[in-house]
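Below is coords_5.txt, which holds compact mmCIF, C-alpha atoms.
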# COMPACT_ATOMS: atom_id res chain seq x y z
CA MET A 1 15.80 -109.54 150.22
CA SER A 2 16.83 -106.69 147.94
CA ALA A 3 14.58 -105.34 145.19
CA ASP A 4 14.97 -106.60 141.64
CA HIS A 5 16.31 -103.55 139.79
CA THR A 6 16.61 -105.32 136.44
CA ARG A 7 12.84 -105.08 135.90
CA ASP A 8 11.11 -102.24 134.17
CA PRO A 9 8.73 -100.17 136.27
CA CYS A 10 5.04 -100.78 135.80
CA PRO A 11 3.79 -98.51 133.03
CA ILE A 12 6.72 -99.54 130.81
CA VAL A 13 6.47 -103.25 131.54
CA ILE A 14 2.90 -103.20 130.16
CA LEU A 15 4.17 -102.02 126.77
CA ASN A 16 7.02 -104.50 127.01
CA ASP A 17 4.58 -107.34 127.66
CA PHE A 18 2.23 -106.19 124.93
CA GLY A 19 5.07 -106.18 122.39
CA GLY A 20 6.48 -109.48 123.59
CA ALA A 21 3.12 -111.20 123.45
CA PHE A 22 2.39 -109.71 120.02
CA ALA A 23 5.73 -110.96 118.67
CA MET A 24 5.15 -114.37 120.18
CA GLY A 25 1.68 -114.54 118.63
CA VAL A 26 2.93 -113.47 115.22
CA ILE A 27 5.72 -116.07 115.24
CA GLY A 28 3.36 -118.80 116.45
CA GLY A 29 0.70 -117.66 113.96
CA CYS A 30 3.22 -117.83 111.11
CA VAL A 31 4.11 -121.40 111.99
CA TRP A 32 0.51 -122.50 112.65
CA HIS A 33 -1.18 -120.82 109.70
CA GLY A 34 1.78 -121.49 107.42
CA ILE A 35 1.43 -125.23 107.96
CA LYS A 36 -2.36 -125.00 107.76
CA GLY A 37 -2.28 -122.96 104.55
CA PHE A 38 0.30 -125.31 103.06
CA ARG A 39 -1.75 -128.42 103.84
CA ASN A 40 -5.05 -126.96 102.68
CA SER A 41 -3.75 -125.77 99.30
CA PRO A 42 -3.68 -127.82 96.10
CA TYR A 43 -0.40 -129.17 94.72
CA GLY A 44 1.56 -126.50 92.90
CA GLU A 45 -0.02 -123.72 94.96
CA ARG A 46 1.14 -124.83 98.38
CA GLY A 47 3.84 -122.21 98.88
CA TYR A 48 1.51 -119.44 97.76
CA GLY A 49 -1.28 -120.84 99.96
CA ALA A 50 1.01 -120.89 102.99
CA ILE A 51 2.16 -117.29 102.40
CA SER A 52 -1.36 -115.96 101.85
CA ALA A 53 -2.63 -117.77 104.97
CA ILE A 54 0.23 -116.26 106.99
CA LYS A 55 -0.48 -112.79 105.61
CA ALA A 56 -4.16 -113.08 106.41
CA ARG A 57 -4.11 -114.74 109.82
CA ALA A 58 -0.74 -114.26 111.60
CA PRO A 59 -1.31 -110.55 112.43
CA VAL A 60 -4.72 -111.44 113.90
CA VAL A 61 -3.18 -114.10 116.15
CA GLY A 62 -0.45 -111.63 117.13
CA GLY A 63 -3.05 -109.00 117.96
CA ASN A 64 -5.03 -111.44 120.09
CA PHE A 65 -1.91 -112.47 121.98
CA GLY A 66 -0.88 -108.83 122.36
CA VAL A 67 -4.24 -107.80 123.79
CA TRP A 68 -4.12 -110.68 126.24
CA GLY A 69 -0.55 -109.86 127.29
CA GLY A 70 -1.15 -106.14 127.66
CA LEU A 71 -4.34 -106.63 129.62
CA PHE A 72 -2.77 -109.26 131.86
CA SER A 73 0.22 -107.05 132.56
CA THR A 74 -2.04 -104.06 133.29
CA PHE A 75 -4.07 -106.08 135.78
CA ASP A 76 -0.91 -107.60 137.28
CA CYS A 77 0.53 -104.14 137.90
CA SER A 78 -2.76 -102.94 139.39
CA VAL A 79 -3.05 -105.95 141.70
CA LYS A 80 0.57 -105.52 142.74
CA ALA A 81 -0.04 -101.85 143.51
CA VAL A 82 -3.14 -102.62 145.58
CA ARG A 83 -1.69 -105.59 147.51
CA LYS A 84 1.81 -104.11 147.80
CA ARG A 85 3.16 -107.62 147.58
CA GLU A 86 4.73 -109.82 144.93
CA ASP A 87 3.59 -113.44 145.02
CA ALA A 88 1.79 -116.13 143.03
CA TRP A 89 -1.67 -114.74 143.86
CA ASN A 90 -1.06 -111.60 141.79
CA ALA A 91 -0.94 -113.62 138.55
CA VAL A 92 -4.00 -115.67 139.52
CA ILE A 93 -6.06 -112.55 140.34
CA ALA A 94 -4.81 -110.77 137.21
CA GLY A 95 -5.69 -113.85 135.14
CA PHE A 96 -9.20 -113.85 136.62
CA PHE A 97 -9.73 -110.22 135.61
CA THR A 98 -8.12 -110.70 132.19
CA GLY A 99 -10.28 -113.71 131.35
CA GLY A 100 -13.39 -111.89 132.52
CA ALA A 101 -12.58 -108.67 130.67
CA LEU A 102 -11.89 -110.43 127.39
CA ALA A 103 -15.10 -112.44 127.53
CA ILE A 104 -17.38 -109.67 128.79
CA ARG A 105 -19.14 -109.31 125.42
CA GLY A 106 -20.23 -112.92 125.49
CA GLY A 107 -22.66 -112.48 128.39
CA TRP A 108 -22.46 -113.16 132.11
CA ARG A 109 -22.07 -116.94 131.87
CA HIS A 110 -19.25 -116.66 129.37
CA THR A 111 -17.56 -113.98 131.48
CA ARG A 112 -17.77 -116.08 134.65
CA ASN A 113 -16.52 -119.26 132.97
CA SER A 114 -13.72 -117.52 131.15
CA ALA A 115 -12.54 -115.68 134.28
CA ILE A 116 -12.48 -118.85 136.37
CA THR A 117 -10.79 -120.89 133.63
CA CYS A 118 -8.11 -118.26 133.07
CA ALA A 119 -7.43 -117.95 136.83
CA CYS A 120 -7.14 -121.74 137.20
CA LEU A 121 -4.85 -121.98 134.18
CA LEU A 122 -2.54 -119.29 135.54
CA GLY A 123 -2.62 -120.94 138.95
CA VAL A 124 -1.47 -124.19 137.33
CA PHE A 125 1.29 -122.37 135.42
CA GLU A 126 2.44 -120.67 138.61
CA GLY A 127 2.41 -123.97 140.50
CA VAL A 128 4.36 -125.77 137.79
CA GLY A 129 6.84 -122.86 137.58
CA MET A 130 7.39 -122.91 141.34
CA MET A 131 7.79 -126.68 141.31
CA MET A 132 10.29 -126.52 138.45
CA SER A 133 12.33 -123.78 140.11
CA ARG A 134 12.40 -125.85 143.31
CA VAL A 135 13.51 -128.96 141.40
CA MET A 136 16.11 -127.05 139.39
CA ALA A 137 17.54 -125.27 142.44
CA GLN A 138 20.90 -126.72 143.38
CA PRO A 139 20.93 -128.37 146.78
CA GLN A 140 23.17 -126.64 149.31
CA ILE A 141 25.86 -129.04 150.38
CA ALA A 142 27.55 -128.38 153.69
CA PRO A 143 31.33 -128.03 153.50
CA MET A 144 33.28 -131.17 154.40
CA TYR A 145 35.85 -130.89 157.18
CA PRO A 146 38.35 -133.62 158.02
CA GLU A 147 37.52 -135.37 161.23
CA GLU A 148 39.91 -134.92 164.11
CA SER A 149 41.97 -138.03 164.56
CA PRO A 150 42.10 -139.50 168.08
CA LYS A 151 45.93 -139.12 168.15
CA MET A 152 45.73 -135.39 167.50
CA ALA A 153 43.01 -135.02 170.09
CA ALA A 154 45.18 -136.72 172.67
CA MET B 1 11.82 -109.46 133.04
CA SER B 2 8.15 -109.12 132.35
CA ASN B 3 4.97 -109.94 134.19
CA ILE B 4 4.21 -112.75 131.73
CA LEU B 5 7.63 -114.38 132.17
CA ASN B 6 7.14 -114.15 135.93
CA VAL B 7 4.21 -116.55 135.58
CA PHE B 8 6.46 -119.28 134.19
CA ASN B 9 9.44 -118.45 136.40
CA PRO B 10 7.91 -116.98 139.55
CA PRO B 11 10.15 -114.86 141.78
CA PRO B 12 10.10 -115.55 145.52
CA SER B 13 7.22 -113.95 147.45
CA ARG B 14 8.10 -110.66 149.07
CA PRO B 15 6.47 -107.40 150.06
CA LEU B 16 7.24 -104.52 147.68
CA THR B 17 9.85 -102.07 148.95
CA GLU B 18 9.18 -98.37 149.47
CA ASP B 19 11.48 -97.74 146.53
CA GLU B 20 9.26 -99.82 144.23
CA ILE B 21 5.96 -98.48 145.51
CA GLY B 22 7.24 -94.94 145.15
CA GLU B 23 5.48 -91.73 145.94
CA GLY B 24 3.72 -89.86 143.20
CA CYS B 25 4.76 -91.74 140.07
CA ILE B 26 3.32 -89.47 137.33
CA PRO B 27 3.46 -91.95 134.40
CA CYS B 28 1.90 -94.75 136.49
CA THR B 29 -0.91 -92.51 137.71
CA ALA B 30 -1.49 -91.06 134.24
CA VAL B 31 -1.67 -94.50 132.63
CA GLN B 32 -4.06 -95.72 135.29
CA SER B 33 -6.21 -92.63 134.85
CA VAL B 34 -6.45 -93.02 131.07
CA VAL B 35 -7.14 -96.76 131.28
CA ALA B 36 -9.78 -96.28 133.98
CA LEU B 37 -11.53 -93.44 132.11
CA ALA B 38 -11.56 -95.39 128.82
CA GLY B 39 -12.68 -98.57 130.57
CA GLY B 40 -15.44 -96.71 132.38
CA VAL B 41 -16.77 -95.19 129.15
CA TYR B 42 -16.61 -98.57 127.39
CA LEU B 43 -18.40 -100.42 130.18
CA ASN B 44 -21.14 -97.79 130.23
CA SER B 45 -21.78 -98.00 126.49
CA ASN B 46 -24.57 -100.29 125.34
CA THR B 47 -22.43 -101.59 122.46
CA LEU B 48 -20.96 -103.99 124.98
CA PHE B 49 -24.25 -105.88 125.20
CA LYS B 50 -25.45 -105.55 121.61
CA ASP B 51 -25.09 -108.38 119.14
CA PRO B 52 -22.60 -107.25 116.47
CA LYS B 53 -24.73 -108.70 113.67
CA THR B 54 -28.29 -107.80 114.64
CA GLY B 55 -27.51 -104.79 116.85
CA LYS B 56 -30.03 -106.00 119.43
CA ILE B 57 -29.48 -106.88 123.08
CA ASP B 58 -30.01 -110.53 123.92
CA PHE B 59 -31.59 -110.47 127.39
CA ALA B 60 -30.92 -114.16 127.96
CA LYS B 61 -27.21 -113.59 127.49
CA ASN B 62 -27.13 -110.16 129.11
CA PRO B 63 -29.90 -109.94 131.73
CA ILE B 64 -30.78 -106.58 133.29
CA TRP B 65 -28.95 -107.33 136.55
CA TRP B 66 -25.80 -108.13 134.61
CA GLN B 67 -26.05 -104.94 132.54
CA LYS B 68 -26.56 -102.89 135.69
CA THR B 69 -23.61 -104.58 137.42
CA VAL B 70 -21.32 -103.92 134.46
CA LYS B 71 -22.49 -100.32 134.16
CA GLY B 72 -22.09 -99.78 137.90
CA PHE B 73 -18.56 -101.10 137.70
CA GLY B 74 -18.00 -98.75 134.74
CA ILE B 75 -19.17 -95.77 136.80
CA VAL B 76 -16.80 -96.74 139.64
CA LEU B 77 -13.98 -97.12 137.14
CA PHE B 78 -14.71 -93.74 135.58
CA GLY B 79 -14.75 -92.15 139.04
CA LEU B 80 -11.40 -93.74 139.82
CA GLY B 81 -10.02 -92.42 136.52
CA ALA B 82 -11.22 -88.90 137.31
CA TYR B 83 -9.74 -89.10 140.83
CA ARG B 84 -6.40 -90.32 139.50
CA ALA B 85 -6.46 -87.60 136.81
CA GLY B 86 -6.82 -85.07 139.63
CA GLU B 87 -3.83 -86.67 141.34
CA VAL B 88 -1.80 -86.38 138.13
CA GLY B 89 -2.68 -82.68 137.99
CA GLN B 90 -1.59 -82.24 141.62
CA LEU B 91 1.69 -84.08 141.01
CA VAL B 92 2.46 -82.00 137.93
CA TRP B 93 1.61 -78.82 139.84
CA LYS B 94 3.86 -79.88 142.74
CA LYS B 95 6.72 -80.71 140.41
CA LYS B 96 6.43 -77.46 138.50
CA PHE B 97 5.72 -74.89 141.19
CA GLU B 98 6.99 -76.27 144.49

Could I get this file's structure written as structure tokens?
Amino acid sequence: MSADHTRDPCPIVILNDFGGAFAMGVIGGCVWHGIKGFRNSPYGERGYGAISAIKARAPVVGGNFGVWGGLFSTFDCSVKAVRKREDAWNAVIAGFFTGGALAIRGGWRHTRNSAITCACLLGVFEGVGMMMSRVMAQPQIAPMYPEESPKMAA
Amino acid sequence: MSNILNVFNPPPSRPLTEDEIGEGCIPCTAVQSVVALAGGVYLNSNTLFKDPKTGKIDFAKNPIWWQKTVKGFGIVLFGLGAYRAGEVGQLVWKKKFE
């Protein structure tokens, strides 16, 4: 199988992932905190409440997503470089390290639990992704040829 | 494509080609060196174990063996960063003078 040349090489893909995850977090944060701010504000101030909640919280959510994405991508690249192989285990191992690294300030129990949870979650995502790509893949149908008639054979 | 999108749409398993592994990628080595050095310093600082409010270390949450493990890992990481920084220097030297 040939190499995928559409992908960015590793140091650049980390920045790419960081930016993508940050943008995703900001958009999601805008929706989430916009609705939350709107609902928690009194009548007449709902629009203002939504905007101020978005301004206060959406960048934080974006930053959290960005840190997760950048760290995951960094670990993914490192694991790929060490194993010299691209498969589902890379994401699971990278998820283990990412979960552990992000929770390291919470103590050893928190680090262990977070690392295992993150690895399991990524394993599930990988499994579902593989299953979906297998389901979505078009079945290869063999070409149909007309059968030889007995007259022609004779 | 990105590494995050690859989680949701995984590519088929394959060994990396020589072209992808490459020999002496300066940006990759430099990034790894910086990340490893910074990570090593961070893991060796006591701020990691201190409570942000009280500034004291909770030994139930961060027992001595855990602190030593984290710091040991930090030392290994710092060593790796220094080694990779040396490799970056060698690569730059090779590119410039050979």

Discussion item. Give me, as a PyMOL selection string, the residues of chain B touching chain A, with the criterion being at most 10 Å (counting only C-alpha atoms).
Written reply: chain B and resi 1-21+25+27-32+35+43+47-52+58-63+65-67+70

Worksheet item: Which polymer residues have any atom within 10 Å of an atom of Phe73 of chain B, counting only C-alpha atoms, with same-chain residues fewer than 3 positions away left out, as an MDAnalysis selection string?
Response: chainID B and resid 39:40 43:44 67:70 76:79

Worksheet item: Between atom CA of Leu80 of chain B and atom CA of Lys96 of chain B, what is the distance, to one decimal in Å?
Response: 24.2 Å

Item to complete: Can you work out the spacing between atom CA of Val88 of chain B and atom CA of Phe96 of chain A in Å, to one decimal?
Response: 28.5 Å

I'd like the neighbourhood of Gly28 of chain A as an mmCIF file with C-alpha atoms, in the coordinates of the input, where a residue qualifies if any of its atoms comes within 10 Å (using all atoms listed in the file), though same-chain residues fewer than 3 positions away should be ignored.
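Written file, around-v6.cif:
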data_model
loop_
_atom_site.group_PDB
_atom_site.id
_atom_site.type_symbol
_atom_site.label_atom_id
_atom_site.label_comp_id
_atom_site.auth_asym_id
_atom_site.auth_seq_id
_atom_site.Cartn_x
_atom_site.Cartn_y
_atom_site.Cartn_z
ATOM 1 C CA PHE A 22 2.390 -109.710 120.020
ATOM 2 C CA ALA A 23 5.730 -110.960 118.670
ATOM 3 C CA MET A 24 5.150 -114.370 120.180
ATOM 4 C CA GLY A 25 1.680 -114.540 118.630
ATOM 5 C CA VAL A 31 4.110 -121.400 111.990
ATOM 6 C CA TRP A 32 0.510 -122.500 112.650
ATOM 7 C CA HIS A 33 -1.180 -120.820 109.700
ATOM 8 C CA GLY A 34 1.780 -121.490 107.420
ATOM 9 C CA ALA A 58 -0.740 -114.260 111.600
ATOM 10 C CA VAL A 61 -3.180 -114.100 116.150
ATOM 11 C CA GLY A 62 -0.450 -111.630 117.130
ATOM 12 C CA PHE A 65 -1.910 -112.470 121.980
#

Assuming 4 Å of padding per side, give the centre and edge lengths of the axis-aligned box around every listed atom of segment 12-24 of chain B, in Å to one decimal and as lines of an AutoDock Vina configuration file.
center_x = 7.6
center_y = -102.7
center_z = 146.6
size_x = 15.8
size_y = 33.7
size_z = 14.9
